[in-house]
file target_34.cif (mmCIF, C-alpha atoms)
data_protein
loop_
_atom_site.label_atom_id
_atom_site.label_comp_id
_atom_site.auth_asym_id
_atom_site.auth_seq_id
_atom_site.Cartn_x
_atom_site.Cartn_y
_atom_site.Cartn_z
CA MET A 25 16.56 41.33 24.57
CA THR A 26 13.39 41.00 22.49
CA THR A 27 12.32 38.20 20.19
CA VAL A 28 11.84 39.68 16.72
CA SER A 29 11.31 38.59 13.14
CA GLY A 30 10.45 40.00 9.74
CA TRP A 31 6.98 39.89 8.20
CA GLY A 32 7.50 36.28 7.16
CA ARG A 33 8.08 35.34 10.83
CA PHE A 34 11.16 33.34 9.86
CA PRO A 35 13.75 33.37 11.26
CA VAL A 36 12.91 34.43 14.82
CA VAL A 37 15.90 35.88 16.67
CA ASP A 38 16.77 37.93 19.74
CA SER A 39 17.80 41.58 19.49
CA GLU A 40 17.96 44.60 21.75
CA MET A 41 15.22 46.92 20.47
CA LEU A 42 15.77 50.68 20.76
CA ARG A 43 13.21 53.39 19.97
CA PRO A 44 15.06 56.72 19.88
CA ARG A 45 13.10 59.98 19.87
CA SER A 46 15.74 62.33 18.45
CA PHE A 47 18.41 62.18 15.78
CA GLU A 48 21.01 62.61 18.52
CA ALA A 49 19.64 59.49 20.22
CA VAL A 50 19.87 57.63 16.91
CA GLY A 51 23.55 58.48 16.78
CA GLU A 52 24.05 57.18 20.29
CA ALA A 53 22.24 53.96 19.37
CA VAL A 54 24.57 53.15 16.49
CA VAL A 55 27.12 50.83 18.05
CA ALA A 56 28.57 47.54 16.83
CA GLY A 57 25.88 45.30 15.38
CA SER A 58 23.20 47.97 14.79
CA VAL A 59 20.75 48.42 11.95
CA ALA A 60 17.67 50.58 11.44
CA ARG A 61 14.14 49.15 11.17
CA GLY A 62 11.08 50.86 9.76
CA ASN A 63 7.63 49.31 10.08
CA GLY A 64 8.90 45.72 10.05
CA ARG A 65 7.62 44.77 6.58
CA ALA A 66 10.87 43.31 5.24
CA TYR A 67 10.03 39.62 5.06
CA GLY A 68 13.28 38.11 6.36
CA ASP A 69 16.22 39.23 8.50
CA ALA A 70 17.24 42.46 6.75
CA ALA A 71 15.90 44.83 9.44
CA ILE A 72 17.27 43.02 12.48
CA GLY A 73 20.64 44.01 13.93
CA THR A 74 23.17 41.44 15.02
CA ALA A 75 23.16 43.11 18.46
CA ARG A 76 20.59 45.92 18.47
CA THR A 77 17.80 47.11 16.23
CA ILE A 78 16.95 50.81 15.96
CA THR A 79 13.22 51.28 15.37
CA MET A 80 12.54 54.49 13.45
CA THR A 81 8.76 54.72 13.74
CA ALA A 82 8.91 57.79 16.01
CA PHE A 83 10.33 59.85 13.14
CA ASP A 84 7.10 60.45 11.27
CA ARG A 85 7.05 64.16 10.50
CA VAL A 86 6.75 65.96 7.18
CA ARG A 87 9.43 68.65 7.03
CA SER A 88 8.30 70.50 3.91
CA PHE A 89 5.99 70.15 0.92
CA ASP A 90 5.73 72.11 -2.32
CA PRO A 91 2.10 71.92 -3.53
CA VAL A 92 3.13 73.02 -7.02
CA THR A 93 5.88 70.48 -7.77
CA GLY A 94 4.97 67.72 -5.29
CA ARG A 95 8.48 67.79 -3.85
CA ILE A 96 8.43 66.66 -0.22
CA ARG A 97 10.91 66.30 2.63
CA VAL A 98 10.01 63.69 5.27
CA GLU A 99 11.53 61.82 8.15
CA ALA A 100 12.38 58.20 7.52
CA GLY A 101 9.61 56.75 9.69
CA VAL A 102 6.78 58.28 7.66
CA LEU A 103 4.67 55.48 6.15
CA LEU A 104 3.54 55.42 2.55
CA SER A 105 0.01 55.16 3.94
CA ASP A 106 0.58 58.52 5.66
CA LEU A 107 1.59 60.11 2.35
CA ILE A 108 -1.39 58.61 0.52
CA ASP A 109 -3.92 59.66 3.17
CA THR A 110 -2.50 63.17 3.61
CA PHE A 111 -1.48 64.19 0.11
CA GLY A 112 -3.75 62.04 -2.04
CA PRO A 113 -6.73 64.38 -1.47
CA ARG A 114 -4.38 67.25 -2.43
CA GLY A 115 -3.63 65.60 -5.77
CA PHE A 116 -0.36 63.79 -5.09
CA LEU A 117 0.65 60.15 -4.51
CA PRO A 118 3.98 58.35 -4.06
CA SER A 119 5.48 57.76 -7.49
CA VAL A 120 6.12 54.08 -6.68
CA VAL A 121 4.34 51.81 -4.21
CA PRO A 122 4.99 48.14 -3.38
CA GLY A 123 2.29 45.60 -2.51
CA THR A 124 1.60 47.14 0.91
CA ARG A 125 1.16 50.76 1.92
CA PHE A 126 2.39 50.07 5.45
CA VAL A 127 6.10 50.50 4.73
CA SER A 128 8.25 53.40 5.86
CA VAL A 129 9.98 55.81 3.51
CA GLY A 130 13.34 54.79 4.97
CA GLY A 131 12.56 51.13 4.35
CA ALA A 132 11.31 51.84 0.83
CA ILE A 133 14.62 53.56 0.00
CA ALA A 134 16.73 50.88 1.67
CA ALA A 135 15.00 48.16 -0.38
CA ASP A 136 14.52 50.36 -3.46
CA VAL A 137 11.02 48.92 -3.59
CA HIS A 138 9.40 48.40 -6.96
CA GLY A 139 5.78 48.51 -7.96
CA LYS A 140 3.54 47.63 -10.87
CA ASN A 141 5.09 50.45 -12.92
CA HIS A 142 8.74 49.41 -12.78
CA HIS A 143 8.80 48.25 -16.39
CA CYS A 144 8.28 51.84 -17.57
CA GLU A 145 8.93 54.17 -14.62
CA GLY A 146 11.54 52.51 -12.42
CA GLY A 147 11.76 52.00 -8.68
CA PHE A 148 11.29 54.08 -5.56
CA GLY A 149 14.86 55.37 -5.54
CA ARG A 150 14.45 57.01 -8.92
CA TYR A 151 12.14 59.59 -7.30
CA VAL A 152 14.38 60.30 -4.30
CA ASP A 153 16.42 63.48 -4.69
CA SER A 154 18.47 63.39 -1.50
CA ILE A 155 18.95 61.44 1.72
CA LEU A 156 20.08 62.56 5.17
CA LEU A 157 22.23 59.68 6.38
CA ARG A 158 23.82 58.96 9.76
CA THR A 159 26.80 56.78 8.89
CA GLY A 160 28.47 54.16 11.04
CA SER A 161 31.50 56.43 11.40
CA GLY A 162 29.40 59.01 13.28
CA GLU A 163 28.96 61.54 10.48
CA THR A 164 25.63 62.90 9.31
CA ILE A 165 25.76 63.58 5.58
CA GLU A 166 23.41 64.71 2.83
CA ALA A 167 23.67 62.35 -0.14
CA SER A 168 22.27 62.90 -3.63
CA ARG A 169 23.18 62.16 -7.22
CA GLU A 170 25.45 65.19 -7.20
CA GLN A 171 26.67 65.29 -3.58
CA ASN A 172 28.18 62.20 -1.91
CA SER A 173 26.87 60.26 -4.91
CA ASP A 174 28.62 57.02 -3.99
CA ALA A 175 26.81 57.01 -0.64
CA PHE A 176 23.52 57.82 -2.40
CA PHE A 177 23.64 54.93 -4.87
CA ALA A 178 24.87 52.52 -2.21
CA THR A 179 22.05 53.56 0.14
CA VAL A 180 19.30 53.15 -2.49
CA GLY A 181 18.73 49.40 -2.34
CA GLY A 182 21.52 48.98 0.23
CA MET A 183 19.27 47.39 2.88
CA GLY A 184 20.23 49.92 5.56
CA LEU A 185 23.88 48.88 5.56
CA THR A 186 25.40 52.27 4.70
CA GLY A 187 23.92 53.92 7.81
CA VAL A 188 20.63 55.08 9.28
CA ILE A 189 18.39 57.04 6.91
CA LEU A 190 17.06 60.03 8.86
CA GLU A 191 15.25 62.08 6.24
CA ALA A 192 14.62 62.05 2.50
CA THR A 193 13.53 64.51 -0.17
CA MET A 194 11.52 62.99 -2.99
CA ARG A 195 9.00 63.72 -5.74
CA LEU A 196 5.35 62.75 -5.52
CA ARG A 197 3.17 62.04 -8.56
CA PRO A 198 0.34 64.44 -9.51
CA VAL A 199 -3.02 62.68 -9.88
CA GLU A 200 -6.59 63.82 -10.45
CA THR A 201 -8.29 61.11 -8.39
CA GLY A 202 -7.71 58.17 -6.11
CA TRP A 203 -9.08 55.72 -8.67
CA ILE A 204 -7.51 53.37 -11.21
CA ARG A 205 -8.90 52.44 -14.59
CA GLU A 206 -8.26 48.70 -14.63
CA ARG A 207 -8.39 46.16 -17.43
CA VAL A 208 -8.33 42.43 -16.61
CA ILE A 209 -6.96 39.93 -19.14
CA SER A 210 -7.39 36.20 -18.73
CA ALA A 211 -4.40 34.09 -19.87
CA SER A 212 -4.79 30.33 -20.24
CA ASP A 213 -1.11 29.50 -19.73
CA LEU A 214 2.33 31.01 -19.14
CA ASP A 215 2.95 31.84 -22.80
CA ALA A 216 -0.31 33.76 -22.99
CA ALA A 217 0.46 35.55 -19.72
CA MET A 218 3.88 36.69 -20.91
CA ARG A 219 2.43 37.83 -24.24
CA ALA A 220 -0.19 39.86 -22.38
CA LEU A 221 2.44 41.50 -20.20
CA GLU A 222 4.55 42.27 -23.28
CA ALA A 223 1.53 43.77 -25.03
CA GLY A 224 0.81 45.79 -21.89
CA ASP A 225 4.22 47.49 -21.91
CA SER A 226 2.58 50.82 -22.72
CA ALA A 227 0.34 50.61 -19.63
CA THR A 228 1.57 52.55 -16.60
CA TYR A 229 0.78 49.62 -14.31
CA SER A 230 0.83 45.92 -15.07
CA VAL A 231 0.91 42.81 -12.92
CA ALA A 232 -0.21 39.21 -13.19
CA TRP A 233 -1.68 36.94 -10.54
CA ILE A 234 -0.44 33.51 -11.51
CA ASP A 235 -1.96 30.16 -10.57
CA CYS A 236 1.11 28.38 -9.25
CA VAL A 237 -0.59 25.00 -8.80
CA ALA A 238 -2.07 24.69 -12.29
CA ARG A 239 -0.36 21.98 -14.34
CA GLY A 240 -0.20 20.56 -17.83
CA ARG A 241 -1.74 22.75 -20.53
CA ASN A 242 -2.82 25.23 -17.83
CA LEU A 243 0.68 25.71 -16.41
CA GLY A 244 1.08 29.37 -15.52
CA ARG A 245 -2.49 30.44 -16.24
CA SER A 246 -2.95 33.97 -15.04
CA LEU A 247 -5.03 37.07 -14.62
CA ILE A 248 -3.26 40.20 -15.85
CA TYR A 249 -4.23 43.55 -14.39
CA LEU A 250 -3.36 46.66 -16.41
CA GLY A 251 -3.98 50.07 -14.88
CA GLU A 252 -3.95 53.83 -15.42
CA HIS A 253 -4.81 56.69 -13.10
CA ALA A 254 -8.41 57.67 -13.72
CA GLY A 255 -9.37 61.28 -14.37
CA ARG A 256 -12.30 63.07 -12.79
CA ASP A 257 -14.31 62.70 -15.99
CA GLU A 258 -14.12 58.91 -15.66
CA LEU A 259 -15.80 58.75 -12.27
CA ALA A 260 -19.45 57.98 -11.78
CA GLU A 261 -21.65 60.93 -10.86
CA GLY A 262 -21.45 61.59 -7.13
CA ALA A 263 -18.35 59.43 -6.63
CA VAL A 264 -15.83 60.54 -4.01
CA VAL A 265 -12.80 61.92 -5.85
CA PHE A 266 -10.36 60.41 -3.40
CA PRO A 267 -11.54 57.39 -1.37
CA VAL A 268 -10.40 57.06 2.24
CA GLY A 269 -7.92 54.36 3.17
CA LYS A 270 -9.58 52.30 5.88
CA PRO A 271 -8.04 49.96 8.47
CA PRO A 272 -8.34 46.26 7.56
CA ALA A 273 -11.98 45.19 7.76
CA LEU A 274 -10.94 41.68 8.77
CA ALA A 275 -7.95 40.26 10.59
CA VAL A 276 -6.49 36.81 11.17
CA PRO A 277 -6.83 36.55 14.98
CA LEU A 278 -4.42 33.67 15.55
CA ASP A 279 -1.92 31.40 13.87
CA LEU A 280 -3.80 29.02 11.63
CA PRO A 281 -3.05 25.29 11.85
CA SER A 282 -0.41 24.13 9.36
CA VAL A 283 -2.96 21.89 7.64
CA THR A 284 -5.00 24.93 6.54
CA LEU A 285 -2.75 25.51 3.54
CA ASN A 286 -2.55 22.21 1.73
CA PRO A 287 -2.60 21.22 -1.96
CA THR A 288 -6.37 20.75 -1.90
CA SER A 289 -7.20 24.10 -0.27
CA VAL A 290 -4.73 26.08 -2.39
CA ARG A 291 -5.96 24.41 -5.59
CA ALA A 292 -9.60 25.12 -4.70
CA PHE A 293 -8.87 28.76 -3.87
CA ASN A 294 -6.90 29.30 -7.07
CA GLU A 295 -9.61 27.71 -9.19
CA LEU A 296 -12.26 29.98 -7.69
CA TYR A 297 -10.04 33.09 -7.90
CA TYR A 298 -9.25 32.45 -11.57
CA ARG A 299 -12.86 31.82 -12.56
CA VAL A 300 -14.15 34.92 -10.77
CA GLY A 301 -11.39 37.07 -12.26
CA ALA A 302 -11.88 35.68 -15.75
CA ARG A 303 -15.51 36.83 -15.67
CA ARG A 304 -14.29 40.43 -15.32
CA ALA A 305 -11.89 40.16 -18.27
CA GLY A 306 -12.31 42.34 -21.32
CA GLY A 307 -13.64 45.78 -20.47
CA ASP A 308 -12.29 48.59 -18.31
CA HIS A 309 -13.37 49.01 -14.69
CA VAL A 310 -12.71 51.96 -12.38
CA VAL A 311 -11.52 50.71 -8.99
CA SER A 312 -10.14 52.34 -5.87
CA LEU A 313 -6.36 52.52 -5.65
CA TYR A 314 -6.41 50.49 -2.41
CA PRO A 315 -7.55 47.10 -3.78
CA TYR A 316 -5.57 47.65 -6.98
CA PHE A 317 -2.22 48.35 -5.34
CA PHE A 318 -2.64 46.78 -1.89
CA PRO A 319 -4.98 43.75 -2.04
CA LEU A 320 -3.53 42.08 1.06
CA ASP A 321 -3.79 45.20 3.22
CA SER A 322 -7.50 44.52 3.55
CA LEU A 323 -6.72 41.51 5.75
CA GLY A 324 -4.93 42.36 8.98
CA GLY A 325 -2.22 39.97 10.14
CA TRP A 326 -2.43 37.90 6.96
CA ASN A 327 1.01 36.46 7.65
CA ARG A 328 -0.63 34.33 10.36
CA ILE A 329 -2.33 32.27 7.66
CA TYR A 330 0.90 30.31 7.34
CA GLY A 331 0.95 29.21 10.98
CA ARG A 332 3.34 29.83 13.83
CA ARG A 333 6.40 28.62 11.90
CA GLY A 334 5.95 31.39 9.35
CA PHE A 335 6.55 31.47 5.63
CA LEU A 336 9.25 32.13 3.06
CA GLN A 337 8.80 34.32 0.04
CA HIS A 338 10.98 33.43 -2.90
CA GLN A 339 11.14 36.37 -5.29
CA CYS A 340 13.50 36.10 -8.21
CA VAL A 341 14.07 38.07 -11.38
CA ILE A 342 15.06 36.28 -14.59
CA PRO A 343 16.59 38.12 -17.57
CA GLU A 344 14.15 38.39 -20.44
CA ALA A 345 15.97 36.04 -22.83
CA ALA A 346 15.82 33.10 -20.42
CA ALA A 347 12.56 33.96 -18.67
CA ARG A 348 10.09 31.70 -20.49
CA GLU A 349 12.12 28.51 -20.09
CA VAL A 350 13.22 29.10 -16.50
CA LEU A 351 9.87 30.37 -15.21
CA GLY A 352 8.16 27.40 -16.81
CA ASP A 353 10.60 25.04 -15.07
CA ILE A 354 10.09 26.77 -11.70
CA LEU A 355 6.29 26.73 -11.99
CA ASP A 356 6.26 23.08 -13.03
CA ARG A 357 8.33 22.13 -9.98
CA VAL A 358 6.14 24.26 -7.70
CA ALA A 359 2.93 22.82 -9.14
CA ARG A 360 4.18 19.26 -8.64
CA ARG A 361 5.07 20.13 -5.06
CA GLY A 362 1.60 21.55 -4.46
CA ASP A 363 2.06 23.66 -1.31
CA ALA A 364 2.87 27.10 -2.70
CA SER A 365 0.79 30.13 -1.92
CA PHE A 366 -2.55 31.32 -3.15
CA LEU A 367 -0.96 34.68 -4.01
CA ALA A 368 1.75 34.41 -6.66
CA VAL A 369 2.80 37.44 -8.69
CA LEU A 370 4.48 37.85 -12.07
CA LYS A 371 5.69 41.26 -13.29
CA LYS A 372 8.03 42.82 -15.79
CA LEU A 373 10.94 44.89 -14.48
CA GLY A 374 13.37 47.40 -15.92
CA HIS A 375 16.79 48.56 -14.76
CA GLY A 376 17.48 49.16 -11.05
CA ASP A 377 19.08 52.36 -9.78
CA GLY A 378 21.09 51.41 -6.68
CA LEU A 379 24.18 49.22 -6.52
CA LEU A 380 22.23 46.46 -4.80
CA SER A 381 18.83 47.21 -6.29
CA PHE A 382 16.98 44.03 -7.14
CA PRO A 383 15.43 44.81 -10.55
CA LEU A 384 17.00 44.02 -13.87
CA PRO A 385 15.27 43.87 -17.28
CA GLY A 386 13.20 40.72 -17.24
CA TYR A 387 10.44 39.00 -15.29
CA THR A 388 10.05 38.70 -11.56
CA LEU A 389 8.13 35.85 -9.94
CA ALA A 390 7.14 35.97 -6.25
CA LEU A 391 5.94 32.83 -4.47
CA ASP A 392 5.11 32.18 -0.80
CA PHE A 393 5.77 28.85 0.90
CA PRO A 394 4.93 27.75 4.45
CA VAL A 395 7.99 26.77 6.47
CA ASN A 396 7.78 23.01 6.66
CA GLY A 397 9.44 19.77 5.60
CA ASP A 398 12.14 20.06 2.97
CA ILE A 399 11.23 23.55 1.76
CA LEU A 400 14.76 24.91 2.28
CA THR A 401 16.25 22.16 0.13
CA PHE A 402 13.58 22.73 -2.52
CA LEU A 403 14.29 26.47 -2.68
CA ASP A 404 18.03 25.79 -2.98
CA GLU A 405 17.17 23.85 -6.15
CA ILE A 406 15.15 26.79 -7.47
CA ASP A 407 18.05 29.13 -6.64
CA ARG A 408 20.34 27.10 -8.88
CA LEU A 409 17.96 27.62 -11.80
CA VAL A 410 17.89 31.36 -11.10
CA VAL A 411 21.68 31.67 -10.90
CA ALA A 412 22.23 29.62 -14.07
CA ALA A 413 19.90 32.01 -15.91
CA GLY A 414 21.75 35.11 -14.70
CA GLY A 415 19.02 36.12 -12.26
CA ARG A 416 18.94 37.01 -8.57
CA LEU A 417 16.79 37.11 -5.45
CA TYR A 418 15.19 40.14 -3.76
CA LEU A 419 16.98 40.95 -0.51
CA ALA A 420 13.92 42.56 1.08
CA LYS A 421 12.08 39.22 0.83
CA ASP A 422 14.99 36.89 1.52
CA SER A 423 15.72 34.96 4.72
CA ARG A 424 17.67 31.92 3.54
CA GLN A 425 19.62 32.26 0.28
CA SER A 426 23.31 31.28 0.37
CA ARG A 427 26.29 33.58 -0.04
CA ALA A 428 27.10 31.89 -3.33
CA THR A 429 23.63 32.62 -4.70
CA PHE A 430 23.82 36.23 -3.54
CA GLU A 431 27.32 36.86 -4.89
CA ALA A 432 26.42 35.39 -8.27
CA GLY A 433 23.43 37.69 -8.65
CA TYR A 434 24.86 41.07 -7.64
CA PRO A 435 27.86 42.05 -9.78
CA ALA A 436 28.25 45.48 -8.09
CA LEU A 437 28.80 43.86 -4.67
CA GLN A 438 32.50 44.65 -4.41
CA ARG A 439 31.94 48.31 -5.21
CA PHE A 440 29.15 48.41 -2.63
CA LYS A 441 31.45 46.85 -0.02
CA ALA A 442 34.13 49.46 -0.66
CA ILE A 443 31.68 52.36 -0.28
CA ARG A 444 30.18 50.79 2.83
CA LYS A 445 33.67 50.44 4.31
CA SER A 446 34.41 54.12 3.66
CA LEU A 447 31.20 55.14 5.45
CA ASP A 448 31.56 52.67 8.31
CA PRO A 449 35.22 51.66 8.70
CA ASP A 450 34.67 49.84 12.00
CA GLY A 451 31.64 47.88 10.81
CA ALA A 452 29.09 49.23 13.29
CA ILE A 453 26.13 48.76 10.90
CA ARG A 454 25.40 45.06 10.68
CA SER A 455 22.19 43.13 10.21
CA LYS A 456 21.33 39.48 10.38
CA LEU A 457 21.11 39.57 6.59
CA SER A 458 24.57 41.09 6.14
CA GLN A 459 26.01 38.63 8.66
CA ARG A 460 24.53 35.77 6.66
CA LEU A 461 25.47 36.99 3.19
CA PHE A 462 28.58 39.13 3.12
CA ASP A 463 30.07 40.35 6.38
CA GLU A 464 33.52 39.05 7.17
CA VAL A 465 33.21 36.11 9.54
#
call {"tool": "encode", "arguments": {"input": "target_34.cif", "output": "structure tokens"}}
result
Amino acid sequence: MTTVSGWGRFPVVDSEMLRPRSFEAVGEAVVAGSVARGNGRAYGDAAIGTARTITMTAFDRVRSFDPVTGRIRVEAGVLLSDLIDTFGPRGFLPSVVPGTRFVSVGGAIAADVHGKNHHCEGGFGRYVDSILLRTGSGETIEASREQNSDAFFATVGGMGLTGVILEATMRLRPVETGWIRERVISASDLDAAMRALEAGDSATYSVAWIDCVARGRNLGRSLIYLGEHAGRDELAEGAVVFPVGKPPALAVPLDLPSVTLNPTSVRAFNELYYRVGARRAGGDHVVSLYPYFFPLDSLGGWNRIYGRRGFLQHQCVIPEAAAREVLGDILDRVARRGDASFLAVLKKLGHGDGLLSFPLPGYTLALDFPVNGDILTFLDEIDRLVVAAGGRLYLAKDSRQSRATFEAGYPALQRFKAIRKSLDPDGAIRSKLSQRLFDEV
């Protein structure tokens, strides 16, 4: 047995870790209590089996690529960073990327990850054409919108619980360069931030960094980042058309003491970050795709900032009609508490594609909290606000929500369960997340 956790390093559990080298070996590894794991970037317990965890990182080959259409077939262990580094210089990028490039294709499908373009272009699953799936019943099937469609829509966003994703065919986005034309907008409070995001609906990419410790008239003050892919004619003379993705220049070498993140340090960081960002507001700037899409990837092992006990990310989505009131209430409670993260994100979302896909039309707020004191009780209080507003929590970031919270937020759950049962009648595919939230006890 091996001690394992998600990226948030909470909870820490024991699991038998298997690293198969062939699809046949994957099939042999799927026994009771198994689930697949990509690069380990799910924050909580979604990619940890109740008995054994099947690590898919060995399956990192590109099967085919059409340089005209950008259609690509890859194994599930290929990382988004691999696709960016290999096909970016050829004029293609993943159509959707989350906040880190170090996630596997299989994991991106299982979580139906969303990016800064979800409000207008949807999530990762929208650009997946077909999936090769090894089910819990022992079958290997090809699933698409036309063939085995129930399995397809249950697998997109299904957190690996319909089977092991082996390969996927998807569509990459054509681009001229590896640069983003960015516009920064400074918002003095939550109302201004939401107005800026609404006004930025026509932008391909939009996201807000939100100061989660600001209070009073500054509650919810933010920096909004709008973005478009830059053309060659927008680059400075002599600029590299496609910059190289580099390993993190810095890394956190050890677990920082728990006192490092305290109300004073977080408040000071946020004040500095806001002031520096506000100075850049107004005009357009051309920036590399790496800091625009993946700001935290520049710091290796950044999850160690929260100390050895780890951290919890609470990411909710609130329907648009209730968003202003509920987000304001959440931010006020967080600000009064004072120990939330220095990186809080607010985005607009559209409709999800999978049965358990997280997005719905509205606003999503992501907040990190160190694991300490009464944080679990506090987040239960926040959950009640989310549920009352008709919202839900993101399964790829979750490690502690209750069954009641989960069931209230995902109305397609019963249909998902029925499809999962048809693919895995004996319940071989089980994760710590599924055990916690909806497996039969």
call {"tool": "residues_near_point", "arguments": {"input": "target_34.cif", "point": "(4.4, 58.2, -11.5)", "cutoff": "9 Å", "atoms": "all atoms listed in the file", "output": "PyMOL selection string"}}
result
chain A and resi 117-120+141+145+151+196-199+228
call {"tool": "closest_residue", "arguments": {"input": "target_34.cif", "among": "A:Met41, A:Leu389, A:Leu320, A:Val50", "to": "Leu370 of chain A", "atoms": "only C-alpha atoms"}}
result
A:Leu389
call {"tool": "closest_residue", "arguments": {"input": "target_34.cif", "among": "A:Glu191, A:Pro44, A:Leu214, A:Trp326", "to": "Val86 of chain A", "atoms": "all atoms listed in the file"}}
result
A:Glu191
call {"tool": "resolve_selection", "arguments": {"input": "target_34.cif", "expression": "the PyMOL selection byres ((chain A and resi 157) around 6)", "output": "mmCIF file with C-alpha atoms, keeping the file's coordinate frame"}}
result
data_model
loop_
_atom_site.group_PDB
_atom_site.id
_atom_site.type_symbol
_atom_site.label_atom_id
_atom_site.label_comp_id
_atom_site.auth_asym_id
_atom_site.auth_seq_id
_atom_site.Cartn_x
_atom_site.Cartn_y
_atom_site.Cartn_z
ATOM 1 C CA ILE A 155 18.950 61.440 1.720
ATOM 2 C CA LEU A 156 20.080 62.560 5.170
ATOM 3 C CA ARG A 158 23.820 58.960 9.760
ATOM 4 C CA THR A 159 26.800 56.780 8.890
ATOM 5 C CA THR A 164 25.630 62.900 9.310
ATOM 6 C CA ILE A 165 25.760 63.580 5.580
ATOM 7 C CA VAL A 188 20.630 55.080 9.280
ATOM 8 C CA ILE A 189 18.390 57.040 6.910
ATOM 9 C CA LEU A 190 17.060 60.030 8.860
#
call {"tool": "closest_residue", "arguments": {"input": "target_34.cif", "among": "A:Ser161, A:Asn396, A:Asn63, A:Thr77", "to": "Val37 of chain A", "atoms": "all atoms listed in the file"}}
result
A:Thr77
call {"tool": "resolve_selection", "arguments": {"input": "target_34.cif", "expression": "the PyMOL selection byres ((chain A and resi 462) around 9)", "output": "VMD selection string"}}
result
chain A and resid 427 430 to 431 441 457 to 461 463 to 465
call {"tool": "write_last_selection", "arguments": {"input": "target_34.cif", "atoms": "C-alpha atoms", "output": "compact mmCIF listing (two decimals), in the frame of the given file"}}
result
# COMPACT_ATOMS: atom_id res chain seq x y z
CA ARG A 427 26.29 33.58 -0.04
CA PHE A 430 23.82 36.23 -3.54
CA GLU A 431 27.32 36.86 -4.89
CA LYS A 441 31.45 46.85 -0.02
CA LEU A 457 21.11 39.57 6.59
CA SER A 458 24.57 41.09 6.14
CA GLN A 459 26.01 38.63 8.66
CA ARG A 460 24.53 35.77 6.66
CA LEU A 461 25.47 36.99 3.19
CA ASP A 463 30.07 40.35 6.38
CA GLU A 464 33.52 39.05 7.17
CA VAL A 465 33.21 36.11 9.54
call {"tool": "atom_distance", "arguments": {"input": "target_34.cif", "atom1": "atom CA of Tyr298 of chain A", "atom2": "atom CA of Gly352 of chain A"}}
result
18.9 Å
call {"tool": "axis_aligned_box", "arguments": {"input": "target_34.cif", "around": "segment 385-390 of chain A", "padding_each_side": "5 Å", "output": "lines of an AutoDock Vina configuration file"}}
result
center_x = 11.2
center_y = 39.9
center_z = -11.8
size_x = 18.1
size_y = 18.0
size_z = 21.0
call {"tool": "atom_distance", "arguments": {"input": "target_34.cif", "atom1": "atom CA of Pro394 of chain A", "atom2": "atom CA of Val350 of chain A"}}
result
22.6 Å
call {"tool": "resolve_selection", "arguments": {"input": "target_34.cif", "expression": "the PyMOL selection byres ((chain A and resi 143) around 7)", "output": "PyMOL selection string"}}
result
chain A and resi 141-142+144-146+372-374
call {"tool": "residues_around", "arguments": {"input": "target_34.cif", "residues": "segment 65-76 of chain A", "least_positions_apart": "6", "cutoff": "7 Å", "atoms": "all atoms listed in the file", "output": "MDAnalysis selection string"}}
result
chainID A and resid 29:32 34:35 39:41 57:59 127 183 420:423 454:457
call {"tool": "closest_atom_pairs", "arguments": {"input": "target_34.cif", "of": "segment 108-210 of chain A", "to": "segment 307-318 of chain A", "cutoff": "12 Å", "atoms": "only C-alpha atoms", "output": "Markdown table"}}
result
| residue | atom | partner | partner_atom | distance |
| --- | --- | --- | --- | --- |
| A:Ile108 | CA | A:Tyr314 | CA | 10.0 |
| A:Asp109 | CA | A:Tyr314 | CA | 11.0 |
| A:Gly112 | CA | A:Leu313 | CA | 10.5 |
| A:Leu117 | CA | A:Leu313 | CA | 10.4 |
| A:Pro118 | CA | A:Phe317 | CA | 11.8 |
| A:Val120 | CA | A:Phe317 | CA | 10.2 |
| A:Val121 | CA | A:Phe317 | CA | 7.5 |
| A:Pro122 | CA | A:Phe317 | CA | 7.5 |
| A:Gly123 | CA | A:Phe318 | CA | 5.1 |
| A:Thr124 | CA | A:Phe318 | CA | 5.1 |
| A:Arg125 | CA | A:Phe318 | CA | 6.7 |
| A:Phe126 | CA | A:Phe318 | CA | 9.5 |
| A:Val127 | CA | A:Phe318 | CA | 11.6 |
| A:His138 | CA | A:Phe317 | CA | 11.7 |
| A:Gly139 | CA | A:Phe317 | CA | 8.4 |
| A:Lys140 | CA | A:Phe317 | CA | 8.0 |
| A:Asn141 | CA | A:Phe317 | CA | 10.7 |
| A:Val199 | CA | A:Leu313 | CA | 11.5 |
| A:Thr201 | CA | A:Leu313 | CA | 9.2 |
| A:Gly202 | CA | A:Leu313 | CA | 5.8 |
| A:Trp203 | CA | A:Ser312 | CA | 4.5 |
| A:Ile204 | CA | A:Val311 | CA | 5.3 |
| A:Arg205 | CA | A:Val310 | CA | 4.4 |
| A:Glu206 | CA | A:His309 | CA | 5.1 |
| A:Arg207 | CA | A:Asp308 | CA | 4.7 |
| A:Val208 | CA | A:Gly307 | CA | 7.4 |
| A:Ile209 | CA | A:Gly307 | CA | 9.0 |
| A:Ser210 | CA | A:Gly307 | CA | 11.6 |
call {"tool": "residues_around", "arguments": {"input": "target_34.cif", "residues": "Ser88 of chain A", "least_positions_apart": "3", "cutoff": "10 Å", "atoms": "only C-alpha atoms", "output": "count of residues only"}}
result
7
call {"tool": "atom_distance", "arguments": {"input": "target_34.cif", "atom1": "atom CA of Phe83 of chain A", "atom2": "atom CA of Phe47 of chain A"}}
result
8.8 Å
call {"tool": "closest_residue", "arguments": {"input": "target_34.cif", "among": "A:Ile354, A:Leu274, A:Val237, A:Val102", "to": "Leu409 of chain A", "atoms": "only C-alpha atoms"}}
result
A:Ile354
